[in-house]
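This is work-v6.cif. It holds mmCIF, C-alpha atoms.
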```cif
data_data
#
loop_
_atom_site.label_atom_id
_atom_site.label_comp_id
_atom_site.auth_asym_id
_atom_site.auth_seq_id
_atom_site.Cartn_x
_atom_site.Cartn_y
_atom_site.Cartn_z
CA MET A 172 125.55 89.60 79.12
CA GLU A 173 124.03 88.03 76.07
CA SER A 174 120.55 88.97 75.10
CA GLN A 175 117.91 86.61 76.42
CA LEU A 176 114.92 85.60 74.45
CA GLN A 177 111.66 86.04 76.27
CA GLU A 178 110.16 82.87 77.70
CA PHE A 179 107.01 83.58 75.77
CA VAL A 180 108.85 83.63 72.45
CA ILE A 181 110.63 80.38 73.32
CA ALA A 182 107.33 78.78 74.27
CA ARG A 183 105.83 79.80 70.94
CA ALA A 184 108.72 78.27 69.02
CA LEU A 185 108.53 75.03 71.00
CA ALA A 186 104.77 74.78 70.57
CA HIS A 187 105.38 75.01 66.85
CA ALA A 188 108.21 72.46 66.92
CA VAL A 189 106.23 69.85 68.83
CA ARG A 190 103.89 69.51 65.86
CA ASP A 191 106.71 67.75 63.98
CA VAL A 192 106.79 64.94 66.51
CA PRO A 193 104.78 61.97 65.23
CA GLY A 194 102.44 60.65 67.87
CA VAL A 195 101.74 64.05 69.41
CA VAL A 196 98.22 65.18 68.52
CA GLU A 197 98.29 68.54 70.21
CA LEU A 198 99.28 70.42 73.30
CA PHE A 199 97.03 70.25 76.32
CA GLY A 200 96.27 73.57 77.95
CA GLY A 201 94.48 72.13 80.97
CA ARG A 202 90.77 71.75 81.64
CA LEU A 203 90.55 75.42 82.52
CA GLY A 204 93.29 76.57 80.19
CA GLU A 205 95.56 77.07 83.18
CA ILE A 206 98.66 75.54 81.58
CA ALA A 207 100.27 78.23 79.47
CA THR A 208 103.11 80.67 79.09
CA TYR A 209 101.98 84.26 78.99
CA GLY A 210 103.62 87.11 77.20
CA ARG A 211 103.07 90.25 75.27
CA GLY A 212 100.51 89.54 72.62
CA GLY A 213 98.97 86.39 74.03
CA ARG A 214 99.58 83.05 75.60
CA VAL A 215 100.91 79.66 74.54
CA PRO A 216 98.68 76.89 75.88
CA GLY A 217 100.25 73.60 76.93
CA VAL A 218 103.82 74.82 77.33
CA ARG A 219 105.42 76.37 80.37
CA VAL A 220 108.84 77.97 80.05
CA TRP A 221 110.65 79.62 82.93
CA ARG A 222 114.17 80.35 84.11
CA GLU A 223 115.36 78.99 87.40
CA ALA A 224 118.88 78.94 88.79
CA GLY A 225 120.26 80.12 85.48
CA LEU A 226 118.68 77.28 83.54
CA LEU A 227 115.76 77.26 81.18
CA HIS A 228 113.05 74.90 82.37
CA VAL A 229 110.45 73.58 79.97
CA GLU A 230 107.24 71.70 80.69
CA ALA A 231 105.17 70.36 77.80
CA HIS A 232 101.69 68.91 78.25
CA ILE A 233 100.78 66.70 75.32
CA VAL A 234 97.90 64.66 73.98
CA ALA A 235 99.19 61.44 72.40
CA THR A 236 97.69 59.19 69.75
CA TYR A 237 96.46 55.76 70.81
CA PRO A 238 98.00 53.30 70.39
CA PRO A 239 101.44 54.88 70.76
CA GLU A 240 103.97 53.84 68.14
CA HIS A 241 106.39 52.63 70.80
CA THR A 242 105.72 53.65 74.37
CA LEU A 243 104.60 56.90 75.94
CA PRO A 244 107.97 57.44 77.67
CA ALA A 245 109.62 56.99 74.25
CA LEU A 246 107.25 59.58 72.83
CA ALA A 247 108.18 61.93 75.67
CA ASP A 248 111.83 61.41 74.76
CA SER A 249 111.12 62.33 71.14
CA VAL A 250 109.59 65.58 72.35
CA ARG A 251 112.71 66.22 74.44
CA VAL A 252 115.00 65.50 71.49
CA ARG A 253 113.00 67.85 69.27
CA PHE A 254 113.16 70.62 71.88
CA ARG A 255 116.87 70.17 72.44
CA GLN A 256 117.31 70.52 68.69
CA GLN A 257 115.19 73.65 68.56
CA LEU A 258 116.52 75.50 71.59
CA PRO A 259 120.08 76.11 70.33
CA GLU A 260 118.59 77.50 67.11
CA LEU A 261 116.88 80.07 69.29
CA GLY A 262 120.18 80.90 70.92
CA VAL A 263 119.32 79.17 74.18
CA ALA A 264 122.33 77.36 75.60
CA ASP A 265 121.38 77.10 79.24
CA ILE A 266 118.91 74.25 78.83
CA GLY A 267 117.69 72.61 82.02
CA PRO A 268 115.24 69.75 82.45
CA ILE A 269 112.46 69.25 79.94
CA ASP A 270 109.44 67.73 81.63
CA VAL A 271 106.84 66.03 79.49
CA ILE A 272 103.35 65.30 80.76
CA VAL A 273 101.21 62.88 78.77
CA ALA A 274 97.88 64.40 79.70
CA ASP A 275 95.46 62.54 77.48
CA LEU A 276 95.06 60.11 74.60
CA ARG A 277 93.35 60.64 71.28
CA PHE A 278 91.62 57.88 69.37
CA ASP A 279 90.95 57.82 65.66
CA ASP A 280 88.06 55.39 65.83
CA PRO A 281 84.83 56.05 67.71
CA PRO A 282 84.73 54.82 71.33
CA ILE A 283 83.89 51.20 71.99
CA LEU A 284 80.44 51.03 73.46
CA THR A 285 80.04 47.41 74.27
CA GLY A 286 76.74 46.27 75.56
CA ALA A 287 73.78 48.48 76.17
CA ALA A 288 74.31 52.18 75.77
CA MET B 236 106.65 42.62 91.13
CA THR B 237 105.60 39.69 89.07
CA GLN B 238 102.24 38.94 87.61
CA ALA B 239 101.86 36.10 90.06
CA GLU B 240 102.29 38.48 92.94
CA ALA B 241 99.90 40.91 91.35
CA THR B 242 97.37 38.12 91.12
CA GLU B 243 98.00 37.21 94.70
CA ARG B 244 97.08 40.70 95.77
CA GLN B 245 93.63 40.23 94.40
CA LEU B 246 92.90 37.72 97.12
CA THR B 247 93.66 40.20 99.84
CA PRO B 248 90.97 42.76 100.62
CA PRO B 249 91.40 46.10 98.88
CA VAL B 250 93.67 48.44 100.75
CA THR B 251 91.80 51.21 102.49
CA ALA B 252 91.51 54.40 100.55
CA SER B 253 93.40 56.39 103.14
CA ARG B 254 96.62 54.52 102.49
CA SER B 255 98.35 55.01 99.19
CA ARG B 256 98.91 51.78 97.32
CA THR B 257 101.69 53.12 95.20
CA GLN B 258 104.80 55.09 96.02
CA SER B 259 103.10 58.41 95.60
CA SER B 260 99.58 59.11 94.54
CA GLY B 261 98.57 61.38 91.74
CA GLU B 262 100.45 60.78 88.57
CA SER B 263 103.31 58.70 87.33
CA THR B 264 106.74 60.19 86.97
CA LEU B 265 109.48 58.47 85.08
CA VAL B 266 112.53 60.44 86.07
CA SER B 267 115.65 60.87 83.98
CA ASP B 268 118.38 63.51 84.07
CA GLN B 269 116.86 65.02 80.95
CA GLY B 270 113.59 65.73 82.70
CA LYS B 271 110.58 63.97 84.12
CA THR B 272 107.93 62.10 82.16
CA THR B 273 104.51 62.10 83.72
CA ILE B 274 101.63 59.89 82.64
CA ALA B 275 98.29 61.32 83.73
CA ASN B 276 95.80 59.11 85.57
CA GLY B 277 93.28 59.48 82.78
CA VAL B 278 95.78 58.05 80.31
CA VAL B 279 96.39 54.95 82.44
CA SER B 280 92.67 54.41 83.00
CA LYS B 281 91.88 54.61 79.30
CA ILE B 282 94.59 52.08 78.46
CA ALA B 283 93.31 49.77 81.22
CA GLY B 284 89.69 50.20 80.12
CA ILE B 285 90.50 49.27 76.54
CA ALA B 286 92.56 46.28 77.70
CA ALA B 287 89.66 44.99 79.82
CA ASN B 288 87.13 45.41 77.02
CA GLU B 289 89.29 43.34 74.70
CA ILE B 290 88.69 40.20 76.71
CA ASP B 291 86.01 37.80 75.57
CA GLY B 292 83.51 37.21 78.31
CA VAL B 293 83.56 40.84 79.44
CA TYR B 294 80.19 42.31 78.59
CA GLN B 295 80.96 45.85 79.64
CA LEU B 296 82.65 47.96 82.25
CA VAL B 297 80.39 49.87 84.58
CA SER B 298 80.78 53.12 86.40
CA THR B 299 82.21 53.16 89.89
CA GLY B 300 80.20 55.15 92.35
CA ALA B 301 78.02 58.18 92.02
CA GLY B 302 80.76 60.42 90.67
CA GLN B 303 81.39 58.25 87.67
CA ALA B 304 77.69 57.54 87.29
CA LEU B 305 77.17 61.25 86.83
CA THR B 306 80.13 61.44 84.51
CA GLY B 307 78.72 58.50 82.60
CA LEU B 308 75.41 60.25 82.29
CA ALA B 309 77.12 63.38 81.08
CA GLN B 310 79.13 61.31 78.61
CA ARG B 311 76.02 59.65 77.25
CA VAL B 312 74.32 62.99 76.89
CA THR B 313 77.27 64.71 75.29
CA GLY B 314 78.48 61.66 73.37
CA ALA B 315 81.91 61.97 74.93
CA GLU B 316 84.07 58.90 75.03
CA SER B 317 83.75 56.44 77.86
CA ARG B 318 86.83 54.33 77.45
CA ASP B 319 87.79 54.79 81.06
CA ARG B 320 84.33 54.03 82.39
CA GLY B 321 84.45 51.61 85.30
CA VAL B 322 88.17 52.09 85.86
CA THR B 323 89.86 53.83 88.78
CA VAL B 324 93.61 54.07 88.97
CA GLU B 325 96.22 55.17 91.37
CA VAL B 326 99.49 56.05 89.76
CA GLY B 327 102.80 56.43 91.55
CA GLN B 328 106.37 57.06 90.50
CA ARG B 329 106.88 53.72 88.84
CA GLU B 330 103.86 51.69 89.77
CA ALA B 331 100.14 51.76 89.29
CA ALA B 332 97.16 50.10 90.92
CA VAL B 333 94.01 49.54 88.93
CA ASP B 334 90.42 48.82 90.02
CA VAL B 335 87.84 47.73 87.47
CA ARG B 336 84.13 47.06 87.78
CA LEU B 337 82.62 44.90 85.12
CA ILE B 338 79.78 42.71 83.99
CA THR B 339 80.67 39.30 82.59
CA VAL B 340 78.73 37.26 80.09
CA TYR B 341 76.81 34.43 81.74
CA GLY B 342 78.47 31.11 80.96
CA ALA B 343 82.01 32.45 80.89
CA SER B 344 84.25 31.38 83.74
CA ILE B 345 84.57 34.36 86.04
CA PRO B 346 88.00 33.36 87.42
CA GLU B 347 89.33 32.83 83.91
CA VAL B 348 87.86 36.05 82.56
CA SER B 349 89.23 37.95 85.58
CA GLN B 350 92.65 36.45 85.11
CA ALA B 351 92.69 37.35 81.42
CA VAL B 352 91.54 40.91 82.17
CA ARG B 353 94.22 41.24 84.83
CA GLN B 354 96.97 39.98 82.57
CA ASN B 355 95.92 42.13 79.65
CA ILE B 356 95.80 45.26 81.82
CA ILE B 357 99.20 44.50 83.35
CA SER B 358 100.87 43.94 79.98
CA ARG B 359 99.19 46.80 78.12
CA VAL B 360 99.94 49.37 80.79
CA ARG B 361 103.47 48.07 81.06
CA GLU B 362 104.07 48.14 77.30
CA MET B 363 102.61 51.58 76.74
CA THR B 364 103.60 53.52 79.83
CA GLY B 365 106.48 51.62 81.39
CA LEU B 366 104.55 51.48 84.66
CA ILE B 367 104.47 48.31 86.70
CA VAL B 368 100.95 47.41 87.66
CA LYS B 369 101.14 46.28 91.25
CA GLU B 370 97.57 45.18 91.58
CA VAL B 371 94.42 44.83 89.56
CA ASN B 372 91.28 44.50 91.63
CA ILE B 373 88.35 43.21 89.67
CA ASP B 374 84.81 43.65 90.87
CA VAL B 375 82.34 41.52 88.93
CA VAL B 376 79.14 43.39 89.69
CA ASP B 377 76.66 41.60 87.48
CA LEU B 378 76.08 38.98 84.82
CA TYR B 379 74.77 39.52 81.36
CA PHE B 380 72.47 36.89 79.86
CA PRO B 381 72.89 36.82 76.10
CA GLY B 382 69.18 36.12 75.54
CA ASP B 383 68.10 39.20 77.46
CA GLU B 384 67.82 41.55 74.55
CA ARG B 385 65.17 39.41 72.89
CA GLU B 386 63.24 39.17 76.12
CA GLN B 387 62.98 42.89 76.43
CA PRO B 388 59.40 44.00 76.04
CA VAL B 389 58.50 44.60 72.45
CA PRO B 390 56.34 47.67 71.98
CA PRO B 391 52.77 46.44 71.56
CA PRO B 392 51.38 46.67 68.06
CA PRO B 393 49.23 49.73 67.57
CA ALA B 394 45.79 48.93 68.87
CA ALA B 395 43.05 48.51 66.35
CA PRO B 396 41.06 51.68 66.09
CA ARG B 397 38.15 51.59 68.41
CA VAL B 398 35.97 53.48 66.04
CA GLN B 399 35.54 52.86 62.38
#
```

Take the structure I supplied and represent it as structure tokens, if you would.
Amino acid sequence: MESQLQEFVIARALAHAVRDVPGVVELFGGRLGEIATYGRGGRVPGVRVWREAGLLHVEAHIVATYPPEHTLPALADSVRVRFRQQLPELGVADIGPIDVIVADLRFDDPPILTGAA
Amino acid sequence: MTQAEATERQLTPPVTASRSRTQSSGESTLVSDQGKTTIANGVVSKIAGIAANEIDGVYQLVSTGAGQALTGLAQRVTGAESRDRGVTVEVGQREAAVDVRLITVYGASIPEVSQAVRQNIISRVREMTGLIVKEVNIDVVDLYFPGDEREQPVPPPPAAPRVQ
């Protein structure tokens, strides 16, 4: 049996990797901070990693820039590609589905307040 | 579903809240064998809100119901963004339904403004999220008269002192 990296460690690595994806502003940990992977020494907000049926499942909750460069599903695919690049480097071979949740949008300019405030 | 059909839906009364207008309520899921992509409701409503505001003849979007009125108040107090103000969405697996409440500028053709808002929402949501907008219900709740701001009461000039 090969050694298995802790889910928490994987989540930390993926949270770091997602920063390289253009169009992703940050990870979204939920309104109450409920979306996270917990482990020794802390928690990784916005990423859930768990093993199920021998496969590693990943769920990433992201905040995207507006307007998206292409489309939001395309952005989600870029996140998936980045993760699938990263996981083998961590020695994870049993990669299952990678779910991406576009949780919110981030705007560079101040909000449009047409009309009376 | 074509835009024409989506327009057609506007003429029918809004579907009762108890029945889901899209395949499944909650959030959108674009499924592939690599994993699911979910677009949160708040994301769709912000895109729709921006699309509606882009149309000439739309004065502003207004909050729907007490819940959003309170949210709107909180947003004004905290200065949080209000791009999804006046927009409610229902998002299914591949489709979305959008309701907007807005005030048009007096003089603009309401049917034409509504049609432009509807088309812009349908195409923006489609382009950015891949979701098909099944229906856009537009509620024109008021008119804005461009002269109104000038008519607003001007604070009276400070009264002359009564005593010298």

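The two atoms in question, atom CA of B:Val326 and atom CA of A:Pro244, are spaced 14.8 Å apart.
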
| field | Residues of chain B within 7 Å of chain A, counting all atoms listed in the file, as a list in words | value | Gln269, Gly270, Lys271, Thr272, Thr273, Ile274, Ala275, Gly277, Val278, Tyr294, Gln295, Glu316, Ser317, Arg318, Glu362, Met363 and Thr364 of chain B

Residues near A:Val263, anyone? I mean within 10 Å using all atoms listed in the file, not counting same-chain ones fewer than 2 positions away, as a CSV table (one decimal) with C-alpha atoms, keeping the file's coordinate frame.
```
chain,number,residue,atom,x,y,z
A,174,SER,CA,120.6,89.0,75.1
A,175,GLN,CA,117.9,86.6,76.4
A,176,LEU,CA,114.9,85.6,74.4
A,181,ILE,CA,110.6,80.4,73.3
A,226,LEU,CA,118.7,77.3,83.5
A,227,LEU,CA,115.8,77.3,81.2
A,255,ARG,CA,116.9,70.2,72.4
A,257,GLN,CA,115.2,73.6,68.6
A,258,LEU,CA,116.5,75.5,71.6
A,259,PRO,CA,120.1,76.1,70.3
A,260,GLU,CA,118.6,77.5,67.1
A,261,LEU,CA,116.9,80.1,69.3
A,265,ASP,CA,121.4,77.1,79.2
A,266,ILE,CA,118.9,74.2,78.8
```

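For the pair atom CA of A:Ile233 and atom CA of A:Val196, the separation is 7.4 Å.
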
| query | What is the distance, in Å and to one decimal place, between atom CA of A:Arg211 and atom CA of A:Val180? | reply |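 These two atoms are separated by 9.2 Å.
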
| task | Expand the PyMOL selection byres ((chain A and resi 205) around 12) into the individual residues it matches in the shown file, reporting them as an MDAnalysis selection string. | result | chainID A and resid 199:204 206:209 214:219 232

May I have the centre and edge lengths, in Å to one decimal, of an axis-aligned box around the listed atoms of stretch 222-234 of chain A with 3 Å added to every side, as JSON?
```
{"center_x": 109.1, "center_y": 72.5, "center_z": 81.4, "size_x": 28.4, "size_y": 21.7, "size_z": 20.8}
```

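Around A:Glu178, within 7 Å and counting all atoms listed in the file, the residues found are Ala182, Val220 and Trp221 of chain A, once anything fewer than 4 positions away on its own chain is removed.
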
| request: Extract, using only C-alpha atoms, all DNA, RNA and protein residues at most 9 Å from stretch 345-359 of chain B, discarding same-chain residues fewer than 2 positions from it, and format them as an NGL selection string. | output: :B and (238 or 241-242 or 282-293 or 333 or 339-343 or 361-364 or 366-375)
